[in-house]
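Structure data follow from work35.pdb (PDB, N, CA and C atoms):
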ATOM      1  N   MET A   1     -22.910 100.507 -17.105  1.00  0.00           N
ATOM      2  CA  MET A   1     -22.342 101.731 -16.592  1.00  0.00           C
ATOM      3  C   MET A   1     -21.438 101.442 -15.403  1.00  0.00           C
ATOM      4  N   LEU A   2     -21.869 100.580 -14.526  1.00  0.00           N
ATOM      5  CA  LEU A   2     -21.075 100.267 -13.344  1.00  0.00           C
ATOM      6  C   LEU A   2     -19.731  99.654 -13.728  1.00  0.00           C
ATOM      7  N   GLU A   3     -19.737  98.818 -14.737  1.00  0.00           N
ATOM      8  CA  GLU A   3     -18.494  98.205 -15.205  1.00  0.00           C
ATOM      9  C   GLU A   3     -17.507  99.253 -15.699  1.00  0.00           C
ATOM     10  N   THR A   4     -18.022 100.292 -16.324  1.00  0.00           N
ATOM     11  CA  THR A   4     -17.170 101.366 -16.833  1.00  0.00           C
ATOM     12  C   THR A   4     -16.456 102.081 -15.694  1.00  0.00           C
ATOM     13  N   PHE A   5     -17.162 102.326 -14.597  1.00  0.00           N
ATOM     14  CA  PHE A   5     -16.544 102.990 -13.446  1.00  0.00           C
ATOM     15  C   PHE A   5     -15.456 102.133 -12.825  1.00  0.00           C
ATOM     16  N   PHE A   6     -15.719 100.828 -12.689  1.00  0.00           N
ATOM     17  CA  PHE A   6     -14.708  99.936 -12.130  1.00  0.00           C
ATOM     18  C   PHE A   6     -13.496  99.828 -13.059  1.00  0.00           C
ATOM     19  N   ALA A   7     -13.742  99.776 -14.357  1.00  0.00           N
ATOM     20  CA  ALA A   7     -12.640  99.693 -15.314  1.00  0.00           C
ATOM     21  C   ALA A   7     -11.795 100.960 -15.268  1.00  0.00           C
ATOM     22  N   ALA A   8     -12.438 102.110 -15.189  1.00  0.00           N
ATOM     23  CA  ALA A   8     -11.693 103.373 -15.119  1.00  0.00           C
ATOM     24  C   ALA A   8     -10.818 103.397 -13.874  1.00  0.00           C
ATOM     25  N   GLY A   9     -11.359 102.965 -12.760  1.00  0.00           N
ATOM     26  CA  GLY A   9     -10.595 102.942 -11.522  1.00  0.00           C
ATOM     27  C   GLY A   9      -9.411 102.011 -11.577  1.00  0.00           C
ATOM     28  N   SER A  10      -9.594 100.852 -12.177  1.00  0.00           N
ATOM     29  CA  SER A  10      -8.487  99.896 -12.253  1.00  0.00           C
ATOM     30  C   SER A  10      -7.400 100.359 -13.221  1.00  0.00           C
ATOM     31  N   LEU A  11      -7.756 101.236 -14.150  1.00  0.00           N
ATOM     32  CA  LEU A  11      -6.775 101.802 -15.081  1.00  0.00           C
ATOM     33  C   LEU A  11      -6.090 103.046 -14.521  1.00  0.00           C
ATOM     34  N   GLY A  12      -6.594 103.527 -13.406  1.00  0.00           N
ATOM     35  CA  GLY A  12      -6.058 104.760 -12.843  1.00  0.00           C
ATOM     36  C   GLY A  12      -6.654 105.999 -13.487  1.00  0.00           C
ATOM     37  N   ALA A  13      -7.751 105.825 -14.204  1.00  0.00           N
ATOM     38  CA  ALA A  13      -8.415 106.944 -14.875  1.00  0.00           C
ATOM     39  C   ALA A  13      -9.515 107.500 -13.980  1.00  0.00           C
ATOM     40  N   ALA A  14      -9.954 108.690 -14.280  1.00  0.00           N
ATOM     41  CA  ALA A  14     -11.046 109.328 -13.542  1.00  0.00           C
ATOM     42  C   ALA A  14     -12.310 109.298 -14.389  1.00  0.00           C
ATOM     43  N   ALA A  15     -13.406 108.879 -13.795  1.00  0.00           N
ATOM     44  CA  ALA A  15     -14.700 108.888 -14.482  1.00  0.00           C
ATOM     45  C   ALA A  15     -15.388 110.218 -14.188  1.00  0.00           C
ATOM     46  N   VAL A  16     -15.832 110.887 -15.224  1.00  0.00           N
ATOM     47  CA  VAL A  16     -16.518 112.173 -15.083  1.00  0.00           C
ATOM     48  C   VAL A  16     -17.937 111.995 -15.616  1.00  0.00           C
ATOM     49  N   LEU A  17     -18.907 112.149 -14.747  1.00  0.00           N
ATOM     50  CA  LEU A  17     -20.302 112.042 -15.171  1.00  0.00           C
ATOM     51  C   LEU A  17     -20.747 113.333 -15.831  1.00  0.00           C
ATOM     52  N   VAL A  18     -21.455 113.197 -16.931  1.00  0.00           N
ATOM     53  CA  VAL A  18     -21.985 114.364 -17.637  1.00  0.00           C
ATOM     54  C   VAL A  18     -23.483 114.145 -17.816  1.00  0.00           C
ATOM     55  N   ASN A  19     -24.266 115.096 -17.376  1.00  0.00           N
ATOM     56  CA  ASN A  19     -25.708 115.013 -17.494  1.00  0.00           C
ATOM     57  C   ASN A  19     -26.110 115.017 -18.966  1.00  0.00           C
ATOM     58  N   PRO A  20     -26.840 114.012 -19.448  1.00  0.00           N
ATOM     59  CA  PRO A  20     -27.215 113.962 -20.859  1.00  0.00           C
ATOM     60  C   PRO A  20     -28.207 115.045 -21.271  1.00  0.00           C
ATOM     61  N   ARG A  21     -28.765 115.745 -20.311  1.00  0.00           N
ATOM     62  CA  ARG A  21     -29.720 116.811 -20.623  1.00  0.00           C
ATOM     63  C   ARG A  21     -29.048 118.160 -20.865  1.00  0.00           C
ATOM     64  N   LEU A  22     -27.751 118.219 -20.663  1.00  0.00           N
ATOM     65  CA  LEU A  22     -27.034 119.474 -20.892  1.00  0.00           C
ATOM     66  C   LEU A  22     -26.974 119.784 -22.376  1.00  0.00           C
ATOM     67  N   ARG A  23     -26.814 121.044 -22.672  1.00  0.00           N
ATOM     68  CA  ARG A  23     -26.673 121.462 -24.073  1.00  0.00           C
ATOM     69  C   ARG A  23     -25.292 121.072 -24.574  1.00  0.00           C
ATOM     70  N   GLN A  24     -25.174 121.008 -25.873  1.00  0.00           N
ATOM     71  CA  GLN A  24     -23.926 120.581 -26.501  1.00  0.00           C
ATOM     72  C   GLN A  24     -22.745 121.442 -26.061  1.00  0.00           C
ATOM     73  N   ALA A  25     -22.925 122.745 -26.003  1.00  0.00           N
ATOM     74  CA  ALA A  25     -21.829 123.641 -25.604  1.00  0.00           C
ATOM     75  C   ALA A  25     -21.392 123.364 -24.169  1.00  0.00           C
ATOM     76  N   GLU A  26     -22.337 123.035 -23.303  1.00  0.00           N
ATOM     77  CA  GLU A  26     -22.009 122.741 -21.911  1.00  0.00           C
ATOM     78  C   GLU A  26     -21.216 121.441 -21.797  1.00  0.00           C
ATOM     79  N   VAL A  27     -21.618 120.446 -22.571  1.00  0.00           N
ATOM     80  CA  VAL A  27     -20.906 119.171 -22.570  1.00  0.00           C
ATOM     81  C   VAL A  27     -19.496 119.359 -23.111  1.00  0.00           C
ATOM     82  N   GLU A  28     -19.351 120.121 -24.179  1.00  0.00           N
ATOM     83  CA  GLU A  28     -18.028 120.393 -24.740  1.00  0.00           C
ATOM     84  C   GLU A  28     -17.135 121.075 -23.722  1.00  0.00           C
ATOM     85  N   TYR A  29     -17.694 122.016 -22.971  1.00  0.00           N
ATOM     86  CA  TYR A  29     -16.905 122.717 -21.961  1.00  0.00           C
ATOM     87  C   TYR A  29     -16.442 121.749 -20.870  1.00  0.00           C
ATOM     88  N   ILE A  30     -17.346 120.937 -20.369  1.00  0.00           N
ATOM     89  CA  ILE A  30     -17.011 119.997 -19.291  1.00  0.00           C
ATOM     90  C   ILE A  30     -15.933 119.027 -19.749  1.00  0.00           C
ATOM     91  N   LEU A  31     -16.105 118.439 -20.919  1.00  0.00           N
ATOM     92  CA  LEU A  31     -15.134 117.463 -21.409  1.00  0.00           C
ATOM     93  C   LEU A  31     -13.788 118.117 -21.715  1.00  0.00           C
ATOM     94  N   GLY A  32     -13.813 119.323 -22.238  1.00  0.00           N
ATOM     95  CA  GLY A  32     -12.564 120.029 -22.511  1.00  0.00           C
ATOM     96  C   GLY A  32     -11.859 120.457 -21.241  1.00  0.00           C
ATOM     97  N   ASP A  33     -12.632 120.911 -20.258  1.00  0.00           N
ATOM     98  CA  ASP A  33     -12.057 121.399 -19.013  1.00  0.00           C
ATOM     99  C   ASP A  33     -11.442 120.274 -18.185  1.00  0.00           C
ATOM    100  N   CYS A  34     -12.047 119.083 -18.228  1.00  0.00           N
ATOM    101  CA  CYS A  34     -11.521 117.967 -17.425  1.00  0.00           C
ATOM    102  C   CYS A  34     -10.374 117.252 -18.133  1.00  0.00           C
ATOM    103  N   GLY A  35     -10.113 117.618 -19.389  1.00  0.00           N
ATOM    104  CA  GLY A  35      -9.004 117.007 -20.112  1.00  0.00           C
ATOM    105  C   GLY A  35      -9.295 115.602 -20.602  1.00  0.00           C
ATOM    106  N   ALA A  36     -10.556 115.326 -20.873  1.00  0.00           N
ATOM    107  CA  ALA A  36     -10.952 113.985 -21.321  1.00  0.00           C
ATOM    108  C   ALA A  36     -10.261 113.610 -22.625  1.00  0.00           C
ATOM    109  N   THR A  37      -9.790 112.377 -22.693  1.00  0.00           N
ATOM    110  CA  THR A  37      -9.220 111.845 -23.930  1.00  0.00           C
ATOM    111  C   THR A  37     -10.043 110.689 -24.469  1.00  0.00           C
ATOM    112  N   THR A  38     -10.903 110.145 -23.628  1.00  0.00           N
ATOM    113  CA  THR A  38     -11.776 109.050 -24.017  1.00  0.00           C
ATOM    114  C   THR A  38     -13.167 109.311 -23.464  1.00  0.00           C
ATOM    115  N   VAL A  39     -14.185 109.043 -24.268  1.00  0.00           N
ATOM    116  CA  VAL A  39     -15.562 109.248 -23.833  1.00  0.00           C
ATOM    117  C   VAL A  39     -16.330 107.944 -24.043  1.00  0.00           C
ATOM    118  N   VAL A  40     -17.034 107.520 -23.005  1.00  0.00           N
ATOM    119  CA  VAL A  40     -17.909 106.351 -23.081  1.00  0.00           C
ATOM    120  C   VAL A  40     -19.331 106.872 -22.974  1.00  0.00           C
ATOM    121  N   PHE A  41     -20.182 106.472 -23.903  1.00  0.00           N
ATOM    122  CA  PHE A  41     -21.539 107.014 -23.931  1.00  0.00           C
ATOM    123  C   PHE A  41     -22.519 105.937 -24.355  1.00  0.00           C
ATOM    124  N   GLY A  42     -23.781 106.167 -24.020  1.00  0.00           N
ATOM    125  CA  GLY A  42     -24.845 105.246 -24.397  1.00  0.00           C
ATOM    126  C   GLY A  42     -25.279 105.478 -25.825  1.00  0.00           C
ATOM    127  N   GLN A  43     -25.986 104.513 -26.365  1.00  0.00           N
ATOM    128  CA  GLN A  43     -26.423 104.575 -27.748  1.00  0.00           C
ATOM    129  C   GLN A  43     -27.304 105.789 -28.020  1.00  0.00           C
ATOM    130  N   ASP A  44     -28.073 106.216 -27.039  1.00  0.00           N
ATOM    131  CA  ASP A  44     -28.959 107.356 -27.244  1.00  0.00           C
ATOM    132  C   ASP A  44     -28.212 108.691 -27.297  1.00  0.00           C
ATOM    133  N   GLN A  45     -26.917 108.676 -27.005  1.00  0.00           N
ATOM    134  CA  GLN A  45     -26.111 109.901 -27.042  1.00  0.00           C
ATOM    135  C   GLN A  45     -25.126 109.922 -28.215  1.00  0.00           C
ATOM    136  N   CYS A  46     -25.303 109.043 -29.174  1.00  0.00           N
ATOM    137  CA  CYS A  46     -24.369 108.947 -30.315  1.00  0.00           C
ATOM    138  C   CYS A  46     -24.208 110.276 -31.055  1.00  0.00           C
ATOM    139  N   GLU A  47     -25.303 110.936 -31.325  1.00  0.00           N
ATOM    140  CA  GLU A  47     -25.236 112.179 -32.097  1.00  0.00           C
ATOM    141  C   GLU A  47     -24.470 113.258 -31.338  1.00  0.00           C
ATOM    142  N   ASN A  48     -24.698 113.379 -30.044  1.00  0.00           N
ATOM    143  CA  ASN A  48     -23.981 114.363 -29.249  1.00  0.00           C
ATOM    144  C   ASN A  48     -22.501 114.022 -29.147  1.00  0.00           C
ATOM    145  N   ALA A  49     -22.173 112.756 -29.039  1.00  0.00           N
ATOM    146  CA  ALA A  49     -20.788 112.339 -28.878  1.00  0.00           C
ATOM    147  C   ALA A  49     -19.983 112.544 -30.161  1.00  0.00           C
ATOM    148  N   ARG A  50     -20.608 112.459 -31.311  1.00  0.00           N
ATOM    149  CA  ARG A  50     -19.885 112.639 -32.577  1.00  0.00           C
ATOM    150  C   ARG A  50     -19.321 114.036 -32.724  1.00  0.00           C
ATOM    151  N   VAL A  51     -19.970 114.993 -32.127  1.00  0.00           N
ATOM    152  CA  VAL A  51     -19.559 116.385 -32.274  1.00  0.00           C
ATOM    153  C   VAL A  51     -18.292 116.668 -31.481  1.00  0.00           C
ATOM    154  N   TRP A  52     -18.113 116.005 -30.343  1.00  0.00           N
ATOM    155  CA  TRP A  52     -16.981 116.278 -29.464  1.00  0.00           C
ATOM    156  C   TRP A  52     -15.723 115.624 -29.979  1.00  0.00           C
ATOM    157  N   ARG A  53     -14.646 116.354 -29.968  1.00  0.00           N
ATOM    158  CA  ARG A  53     -13.320 115.847 -30.342  1.00  0.00           C
ATOM    159  C   ARG A  53     -12.330 116.324 -29.310  1.00  0.00           C
ATOM    160  N   PRO A  54     -11.423 115.451 -28.853  1.00  0.00           N
ATOM    161  CA  PRO A  54     -10.416 115.894 -27.881  1.00  0.00           C
ATOM    162  C   PRO A  54      -9.450 116.883 -28.523  1.00  0.00           C
ATOM    163  N   ASN A  55      -8.902 117.762 -27.692  1.00  0.00           N
ATOM    164  CA  ASN A  55      -7.961 118.771 -28.198  1.00  0.00           C
ATOM    165  C   ASN A  55      -6.653 118.161 -28.597  1.00  0.00           C
TER     166      ASN A  55
END
Encoded form (structure tokens):
Amino acid sequence: MLETFFAAGSLGAAAVLVNPRLRQAEVEYILGDCGATTVVFGQDQCENARVWRPN
């Protein structure tokens, strides 16, 4: 996880933390509102991540 934050910073990207306990609709709102184009997630969040698609 720490490597991801450093990589985002060196690319000029912003890292947005999302609580894995949030409901799917809440995660979709956060990712859509921040304008995310790339999502990095842990293996335990695969099912939740499959549902999200960038606009």
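Interatomic distance, atom C of Glu47 in chain A against CA of Gly9 in chain A: 26.3 Å.
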- Query: A:Val27, A:Ala49, A:Asn19, A:Val40: which is nearest Glu3 in chain A, counting only C-alpha atoms?
  - Reply: A:Val40
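Interatomic distance, CA of Val51 in chain A to CA of Ala25 in chain A: 10.1 Å.
Picture a line from CA of Ala7 in chain A to atom C of Gln24 in chain A; it runs 26.3 Å.
Taking only N, CA and C atoms, the non-local environment of Ala15 in chain A within 8 Å (same-chain residues fewer than 5 positions away omitted) comprises A:Thr4, A:Phe5, A:Ala8, A:Gly9.
Around Asn48 in chain A, within 12 Å and counting only C-alpha atoms, the residues found are Val18, Asn19, Pro20, Arg21, Leu22, Arg23, Gln24, Ala25, Glu26, Val27, Glu28, Val39, Val40, Phe41, Gly42, Gln43, Asp44, Gln45, Val51, Trp52 and Arg53 of chain A, once anything fewer than 3 positions away on its own chain is removed.
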- Message: Just list as a ChimeraX atom specification whatever in chain A DSSP marks as helix (DSSP H, G or I).
- Response: /A:2-11,24-34,43-51
Keeping only N, CA and C atoms, write those residues as a CSV table (one decimal), keeping the file's coordinate frame.
chain,number,residue,atom,x,y,z
A,2,LEU,N,-21.9,100.6,-14.5
A,2,LEU,CA,-21.1,100.3,-13.3
A,2,LEU,C,-19.7,99.7,-13.7
A,3,GLU,N,-19.7,98.8,-14.7
A,3,GLU,CA,-18.5,98.2,-15.2
A,3,GLU,C,-17.5,99.3,-15.7
A,4,THR,N,-18.0,100.3,-16.3
A,4,THR,CA,-17.2,101.4,-16.8
A,4,THR,C,-16.5,102.1,-15.7
A,5,PHE,N,-17.2,102.3,-14.6
A,5,PHE,CA,-16.5,103.0,-13.4
A,5,PHE,C,-15.5,102.1,-12.8
A,6,PHE,N,-15.7,100.8,-12.7
A,6,PHE,CA,-14.7,99.9,-12.1
A,6,PHE,C,-13.5,99.8,-13.1
A,7,ALA,N,-13.7,99.8,-14.4
A,7,ALA,CA,-12.6,99.7,-15.3
A,7,ALA,C,-11.8,101.0,-15.3
A,8,ALA,N,-12.4,102.1,-15.2
A,8,ALA,CA,-11.7,103.4,-15.1
A,8,ALA,C,-10.8,103.4,-13.9
A,9,GLY,N,-11.4,103.0,-12.8
A,9,GLY,CA,-10.6,102.9,-11.5
A,9,GLY,C,-9.4,102.0,-11.6
A,10,SER,N,-9.6,100.9,-12.2
A,10,SER,CA,-8.5,99.9,-12.3
A,10,SER,C,-7.4,100.4,-13.2
A,11,LEU,N,-7.8,101.2,-14.2
A,11,LEU,CA,-6.8,101.8,-15.1
A,11,LEU,C,-6.1,103.0,-14.5
A,24,GLN,N,-25.2,121.0,-25.9
A,24,GLN,CA,-23.9,120.6,-26.5
A,24,GLN,C,-22.7,121.4,-26.1
A,25,ALA,N,-22.9,122.7,-26.0
A,25,ALA,CA,-21.8,123.6,-25.6
A,25,ALA,C,-21.4,123.4,-24.2
A,26,GLU,N,-22.3,123.0,-23.3
A,26,GLU,CA,-22.0,122.7,-21.9
A,26,GLU,C,-21.2,121.4,-21.8
A,27,VAL,N,-21.6,120.4,-22.6
A,27,VAL,CA,-20.9,119.2,-22.6
A,27,VAL,C,-19.5,119.4,-23.1
A,28,GLU,N,-19.4,120.1,-24.2
A,28,GLU,CA,-18.0,120.4,-24.7
A,28,GLU,C,-17.1,121.1,-23.7
A,29,TYR,N,-17.7,122.0,-23.0
A,29,TYR,CA,-16.9,122.7,-22.0
A,29,TYR,C,-16.4,121.7,-20.9
A,30,ILE,N,-17.3,120.9,-20.4
A,30,ILE,CA,-17.0,120.0,-19.3
A,30,ILE,C,-15.9,119.0,-19.7
A,31,LEU,N,-16.1,118.4,-20.9
A,31,LEU,CA,-15.1,117.5,-21.4
A,31,LEU,C,-13.8,118.1,-21.7
A,32,GLY,N,-13.8,119.3,-22.2
A,32,GLY,CA,-12.6,120.0,-22.5
A,32,GLY,C,-11.9,120.5,-21.2
A,33,ASP,N,-12.6,120.9,-20.3
A,33,ASP,CA,-12.1,121.4,-19.0
A,33,ASP,C,-11.4,120.3,-18.2
A,34,CYS,N,-12.0,119.1,-18.2
A,34,CYS,CA,-11.5,118.0,-17.4
A,34,CYS,C,-10.4,117.3,-18.1
A,43,GLN,N,-26.0,104.5,-26.4
A,43,GLN,CA,-26.4,104.6,-27.7
A,43,GLN,C,-27.3,105.8,-28.0
A,44,ASP,N,-28.1,106.2,-27.0
A,44,ASP,CA,-29.0,107.4,-27.2
A,44,ASP,C,-28.2,108.7,-27.3
A,45,GLN,N,-26.9,108.7,-27.0
A,45,GLN,CA,-26.1,109.9,-27.0
A,45,GLN,C,-25.1,109.9,-28.2
A,46,CYS,N,-25.3,109.0,-29.2
A,46,CYS,CA,-24.4,108.9,-30.3
A,46,CYS,C,-24.2,110.3,-31.1
A,47,GLU,N,-25.3,110.9,-31.3
A,47,GLU,CA,-25.2,112.2,-32.1
A,47,GLU,C,-24.5,113.3,-31.3
A,48,ASN,N,-24.7,113.4,-30.0
A,48,ASN,CA,-24.0,114.4,-29.2
A,48,ASN,C,-22.5,114.0,-29.1
A,49,ALA,N,-22.2,112.8,-29.0
A,49,ALA,CA,-20.8,112.3,-28.9
A,49,ALA,C,-20.0,112.5,-30.2
A,50,ARG,N,-20.6,112.5,-31.3
A,50,ARG,CA,-19.9,112.6,-32.6
A,50,ARG,C,-19.3,114.0,-32.7
A,51,VAL,N,-20.0,115.0,-32.1
A,51,VAL,CA,-19.6,116.4,-32.3
A,51,VAL,C,-18.3,116.7,-31.5
Could the centre and edge lengths of an axis-aligned box, enclosing all atoms of range 17-33 of chain A in the file with 4 Å extra on each side, be given in Å to one decimal as AutoDock Vina command-line options?
--center_x -20.6 --center_y 117.8 --center_z -20.6 --size_x 26.3 --size_y 19.6 --size_z 19.8
